[in-house]
Number of protein chains: 4
Amino acid sequence: MPTETFFNLPEEKRARLLDILLDEFSQNDYKNVSIGRVADRAGIAKGSFYQYFADKKDCYLYLIQLGIDEKTAFLKQSPPVAPADMFAHIRWLLNIGMHYQFHNPRLAQIGYKAIFDDVPLPDETMQVIRRGGYAYFKQMVEAGIADGSLDPSVDADIAAFLLNAAFTDLGKHLMERFAISPDNLLAAGVESFQKDEVRRAIEQVIGILENGLRKKT
Amino acid sequence: MPTETFFNLPEEKRARLLDILLDEFSQNDYKNVSIGRVADRAGIAKGSFYQYFADKKDCYLYLIQLGIDEKTAFLKQSPPVAPADMFAHIRWLLNIGMHYQFHNPRLAQIGYKAIFDDVPLPDETMQVIRRGGYAYFKQMVEAGIADGSLDPSVDADIAAFLLNAAFTDLGKHLMERFAISPDNLLAAGVESFQKDEVRRAIEQVIGILENGLRKKT
Amino acid sequence: MPTETFFNLPEEKRARLLDILLDEFSQNDYKNVSIGRVADRAGIAKGSFYQYFADKKDCYLYLIQLGIDEKTAFLKQSPPVAPADMFAHIRWLLNIGMHYQFHNPRLAQIGYKAIFDDVPLPDETMQVIRRGGYAYFKQMVEAGIADGSLDPSVDADIAAFLLNAAFTDLGKHLMERFAISPDNLLAAGVESFQKDEVRRAIEQVIGILENGLRKKT
Amino acid sequence: MPTETFFNLPEEKRARLLDILLDEFSQNDYKNVSIGRVADRAGIAKGSFYQYFADKKDCYLYLIQLGIDEKTAFLKQSPPVAPADMFAHIRWLLNIGMHYQFHNPRLAQIGYKAIFDDVPLPDETMQVIRRGGYAYFKQMVEAGIADGSLDPSVDADIAAFLLNAAFTDLGKHLMERFAISPDNLLAAGVESFQKDEVRRAIEQVIGILENGLRKKT
DNA sequence: GATGAATGAGGATTCATTCAT
DNA sequence: TATGAATGAATCCTCATTCAT
């Protein structure tokens, strides 16, 4: 975790540094992020970085935690749909996820990288990052099969995989498709991407998966 | 591309070097592959590496191209199912893809990494790598809608995205799920993973997507 | 030398800082003493350190001088045995020395380090530190030879060396042997080490050297 | 241990580097030896150092081992006096030790530093370095008391301490006293310090200690 | 063709010291 | 007077690449 010094920084300066950190860590693998480059871009001395963070890992951990906290806040802010109807629940989840990813795409990207890259994180943090993914969906699918809403011939593992793949990649896809970049977002505001086309795209994905998984009547 | 010297190498020597290159580039990010380590493992001098390849990038590019060529060969070797029935065609594609991934997991992994990592490749090569994925599926979906076999309310972009995500991630998922590693594959032979469970998993994914996309009658 | 500011410090604060300085400089080489660590432990700002001392060297010099002063005070406080009998005098000296070392082991340790480590002290200070050792003993030995109490075949330089080596190392040896650490001393009180075993050890050393140097009758 | 590369170096180059390493590590504490300074002085690139040694510690360990080997060779070359007469044995030991210290003062100094400084050495190496010191003398003293040649009232610990202190510091003392520096030695040759004055000094120290410890008749 | 020694830029990290508040 | 943020030189170490043999 950052030092007190970091939090005491003038708002503007801290924001600029944080902005650059998000940029670097979302664009590069952990190992390829250079503290020197960060310091240069932020206009601070290399030594100053170490006034703010114990070391590179500490800084990275902070960003990861920031991502977890922000996402948690997002999830809390919109009360969860009762998981009685699985697809309604997924709709809610995906909407939150997309919203989060649009709201803070670089933080989301850092979290995404953390899942797939070789990264020096404590095991407990890795668990937190991975939670809500595959395992979460599998449990949902099993419940859906048990209560008879899903086709019993469905393999829970496979269904979970599909939901997870869709969930994980959809944000990236939409940002590419609608030419949304972090810079865009900052310039145009998040609202602009709450557009119908985005909502419709999400709805489509869920619709297809729902069709594919629902019990045939 | 490698120098003539590389291709003039005694078969055994070149094979060993190639083996190690596949290993290193499939396990590590481009930047984290160390030429020194490669040379050590291959039992050649570091200088010799530069007799075979112009530089690290050249070597990497060669592996990428190798992957493209091998996959192309795979696709050609098994005559494509007439795309009359889109899902039959997808079944065929996925099977080829899985087969390829199981046949040469390290090459597949390198190609996979090239898509998602920040990697120093010429733009044209990047296009080749990504070609055949999303765009290919989109075109298939559009044809399916046109010929009436797919639900016309389906958004071709979204359907293509879903198919692509499934296609891209499924190999990884199966390898993880059935604890398949490149080492496993070499030891146990490819056939062992042509198992029913793998085929069934692939079939499930396609089944779900088919259900989700087919025109309701 | 410290600034006026340092001496104007509330007694308690100055004492705490001094305590920590003694700790750090007695446990670490000059170069390995970190001002940051000192400031942290003392609960002061790093900048404050530079209100009290011109720089690290200045601070170090102060501790050295403190050691010299304290030892001088020790020597003065117990009236010297008339050097008529050289070994009685040495006994007294050693006792004072041990007493001093037990009384203020960290200051003694700092002085000890200053003799053997590579340390940035002005030459005149180095002379003061080393004074009273070798040269002092040599003069005593020469007097002993002159007045006929010592074996005239003894080389004064060598005898002085031996006495000095014994004198210099004995304190360390005893502290190691009886597992005496500065912490011990603070906890158990100095008196506990005025034990017979310590006195006996000192007596032994002097006895052996006396035997070795006395004129044979 | 150094790499093969180091040993393949042209004799002259390796000698120069070794010379500088001996210089640096004998004059400075481990932590204060700068690889950059070594490389500059040796006229090699910083990176080259790491072609020769795995790291700083590896290099240091090599010097330590060199010292152990050289001293061992010295001890072997002159057949040990039967320890029947303890002081004859000590005479032999001291002579060897002095000879070694004069022969390779910087190596001796490095070994000396290793005993007293805080240094990153494996435990087994530390034991080798420390062997032959205090413990060795104590055992000799105990044997001397047992066979009746030493005064039974002598405390073996104290006697061992004295012998060790004399043994350890004498070389340094003689080098200072006769203004012997490594540079001197290289210029004038080792023989010049095999002088009578040095032999006489050693003899004196042993004589005094012998007088001091022998059983009174 | 093969070798492997040499290079030097670049990376993370530490720390004494300065200075504006 | 006290603070603590800022600095930058120095530290150890890595690695792709070059080049003489």
# chains A, B, ... in the order shown; residues from 1 in each chain; ligands from 1
>>> residues_around(residues="DT7 in chain F", least_positions_apart="3", cutoff="9 Å", atoms="only C-alpha atoms (C1' of nucleotides)", output="MDAnalysis selection string")
(chainID A and resid 44:48) or (chainID E and resid 17:18)
>>> write_last_selection(atoms="C-alpha atoms (C1' of nucleotides)", output="short mmCIF file (atom, residue, chain, number, x, y, z; two decimals), in the first residue's frame")
data_model
loop_
_atom_site.label_atom_id
_atom_site.label_comp_id
_atom_site.auth_asym_id
_atom_site.auth_seq_id
_atom_site.Cartn_x
_atom_site.Cartn_y
_atom_site.Cartn_z
CA ILE A 44 8.93 13.46 -10.85
CA ALA A 45 12.31 12.16 -9.76
CA LYS A 46 12.78 8.45 -9.80
CA GLY A 47 13.46 8.64 -6.09
CA SER A 48 10.11 10.28 -5.49
"C1'" DT E 17 20.79 16.14 1.57
"C1'" DT E 18 17.99 20.37 0.37
#
>>> closest_atom_pairs(of="chain E", to="chain B", cutoff="8 Å", atoms="only C-alpha atoms (C1' of nucleotides)", output="Markdown table")
| residue | atom | partner | partner_atom | distance |
| --- | --- | --- | --- | --- |
| E:DA2 | C1' | B:Ser48 | CA | 6.3 |
| E:DT3 | C1' | B:Ala45 | CA | 6.1 |
| E:DG4 | C1' | B:Ala45 | CA | 6.6 |
>>> atom_distance(atom1="CA of Leu121 in chain B", atom2="CA of Lys31 in chain B")
12.6 Å
>>> closest_atom_pairs(of="chain B", to="chain F", cutoff="9 Å", atoms="only C-alpha atoms (C1' of nucleotides)", output="Markdown table")
| residue | atom | partner | partner_atom | distance |
| --- | --- | --- | --- | --- |
| B:Ser34 | CA | F:DC15 | C1' | 7.3 |
| B:Ile35 | CA | F:DA16 | C1' | 7.5 |
| B:Gly36 | CA | F:DC15 | C1' | 7.8 |
| B:Gly47 | CA | F:DT18 | C1' | 8.8 |
| B:Tyr50 | CA | F:DT17 | C1' | 8.6 |
| B:Asp55 | CA | F:DT17 | C1' | 8.2 |
| B:Lys56 | CA | F:DA16 | C1' | 7.9 |
>>> residues_around(residues="Leu75 in chain A", least_positions_apart="2", cutoff="12 Å", atoms="only C-alpha atoms (C1' of nucleotides)", output="PyMOL selection string")
chain A and resi 68-73+77-81+92-100+132
>>> residues_around(residues="Pro122 in chain D", least_positions_apart="6", cutoff="12 Å", atoms="only C-alpha atoms (C1' of nucleotides)", output="PyMOL selection string")
chain D and resi 57-58+60-61+64-65+114+128-129
>>> residues_around(residues="Gln139 in chain C", least_positions_apart="5", cutoff="9 Å", atoms="only C-alpha atoms (C1' of nucleotides)", output="ChimeraX atom specification")
/C:134,144,156,160
>>> atom_distance(atom1="CA of Lys138 in chain C", atom2="CA of Phe74 in chain C")
21.8 Å
>>> closest_atom_pairs(of="chain A", to="chain B", cutoff="9 Å", atoms="only C-alpha atoms", output="Markdown table")
| residue | atom | partner | partner_atom | distance |
| --- | --- | --- | --- | --- |
| A:Gln27 | CA | B:Asp118 | CA | 7.8 |
| A:Asn28 | CA | B:Asp118 | CA | 7.0 |
| A:Asp29 | CA | B:Asp118 | CA | 8.2 |
| A:Lys31 | CA | B:Asn32 | CA | 8.2 |
| A:Asn32 | CA | B:Lys31 | CA | 7.6 |
| A:Asp117 | CA | B:Asp29 | CA | 8.9 |
| A:Asp118 | CA | B:Asn28 | CA | 8.8 |
| A:Val154 | CA | B:Gln204 | CA | 7.2 |
| A:Asp155 | CA | B:Gln204 | CA | 7.1 |
| A:Asp157 | CA | B:Ala201 | CA | 8.8 |
| A:Ile158 | CA | B:Ala201 | CA | 6.6 |
| A:Ala159 | CA | B:Val205 | CA | 7.5 |
| A:Phe161 | CA | B:His173 | CA | 7.4 |
| A:Leu162 | CA | B:Ala166 | CA | 6.4 |
| A:Ala165 | CA | B:Ala165 | CA | 6.2 |
| A:Ala166 | CA | B:Leu162 | CA | 6.4 |
| A:Asp169 | CA | B:Ala165 | CA | 6.9 |
| A:Leu170 | CA | B:Phe161 | CA | 7.9 |
| A:His173 | CA | B:Phe161 | CA | 7.3 |
| A:Arg177 | CA | B:Asp157 | CA | 8.9 |
| A:Ala201 | CA | B:Ile158 | CA | 6.5 |
| A:Ile202 | CA | B:Ile158 | CA | 8.5 |
| A:Gln204 | CA | B:Ile158 | CA | 6.9 |
| A:Val205 | CA | B:Ile158 | CA | 6.6 |
| A:Gly207 | CA | B:Gly212 | CA | 7.4 |
| A:Ile208 | CA | B:Gly212 | CA | 4.3 |
| A:Leu209 | CA | B:Gly212 | CA | 5.6 |
| A:Glu210 | CA | B:Gly212 | CA | 6.8 |
| A:Asn211 | CA | B:Gly212 | CA | 4.3 |
| A:Gly212 | CA | B:Gly212 | CA | 3.8 |
| A:Leu213 | CA | B:Ile208 | CA | 6.0 |
>>> select_by_dssp(residues="range 5-168 of chain A", states="alpha helix (DSSP H)", output="number ranges by chain")
A: 5-8, 11-27, 35-42, 46-52, 56-77, 86-103, 105-116, 123-130, 134-146, 156-168
>>> residues_around(residues="Tyr52 in chain C", least_positions_apart="3", cutoff="6 Å", atoms="only C-alpha atoms (C1' of nucleotides)", output="JSON, numbers by chain")
{"C": [2, 3, 5, 6, 49]}
